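*Asks:* I have a structure here, written as structure tokens, and I will follow up with some questions on it.
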Amino acid sequence: MTAVGYYFRDIRTPLGDVVMASDGVGLAGLWFAGQKHFGESVAGFKKLSGSPPVFAAAARWIERYFEGDRPDPSELPLCPRGSVFRLEVWEILRGIGYGQTVTYGKINAMLFLRTGRISSARAVGGAVGHNPLSIIIPCHRVVGAGGSLTGYAGGLSIKERLLRHEGVVL
């Protein structure tokens, strides 16, 4: 089912403002203000007035995360929009634990085990980079070969701060 429109709400985090989007039931987006691909998955839809309950739940989830808790993405009703391939990659990202990192190559291998399809590193990187639910679907936990910090739509400084917050030694 395609949403007719989306609700939006801004919240503050220790790393800057984020914007949330919801179809009224689930959380469709959470982006750092001004990040690359900002709002791309909900662009062109009508902006609705109101504040669905998922916004309060998501704001609390983010607050808990920055307090040092380890909230699970499954605690929130998520409804990201994307291709079947991107949705598969984002599902893999949801399984990356707090304080852990994985490489793009590892995600590609996990994707192959799930689907039997071989993908390119570029395709996996594109799906990771277009993740519409920053922090909640933890694309910041994806690193380059050898643990190198690679692109992050919210910026490498935010990625580094998120990983340090989780205790990752860089």
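All residue names refer to the structure tokens as shown: chains lettered A, B, ... in order, residues numbered from 1 in each chain, ligands numbered from 1 in order.
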Could you list, as an NGL selection string, every residue within 9 Å of stretch 80-95 of chain A, counting only C-alpha atoms and ignoring same-chain residues fewer than 2 positions away?

*Replies:* :A and (26-29 or 41-42 or 72-74 or 78 or 97 or 107-108 or 110-111 or 114-115 or 123-124 or 126-128 or 130-133 or 136-139 or 141-142)

*Asks:* Might you pull out every residue within 8 Å of A:Tyr104, with only C-alpha atoms counted and same-chain residues fewer than 5 positions away left off, and present them as a list in words?

*Replies:*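 Neighbouring residues, sequence-local ones excluded: Ala121, Val124, Gly125, Val142, Val143, Gly144 and Ala145 of chain A.
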
*Asks:* Just give me the gap between atom CA of A:Ile96 and atom CA of A:Trp31 in Å, one decimal is fine.

*Replies:*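 A separation of 19.1 Å between them.
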
*Asks:* I'd like to know which of A:Arg60, A:His37, A:Lys47, A:Arg164 is closest to A:Ile11, using only C-alpha atoms.

*Replies:*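 Smallest distance to A:Ile11 is found for A:Arg60.
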
*Asks:* Counting only C-alpha atoms, what is within 12 Å of stretch 19-22 of chain A, bar same-chain residues fewer than 3 positions away, as a PyMOL selection string?

*Replies:* chain A and resi 3-13+16+25-35+38-43+45-59+62+76-81+132-136

*Asks:* Could you pull out the strand (DSSP E) residues of stretch 32-163 of chain A from DSSP and send them as a list in words?

*Replies:*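 In stretch 32-163 of chain A, DSSP puts these residues in strand (DSSP E): Phe32, Lys46, Lys47, Leu48, Val102, Thr103, Val142 and Val143 of chain A.
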
*Asks:* Determine the nearest neighbour of A:Val18 from the options A:Gly116, A:Lys106, A:Thr101, A:Gly154, counting only C-alpha atoms.

*Replies:*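 The answer is A:Gly154, which sits nearest to A:Val18.
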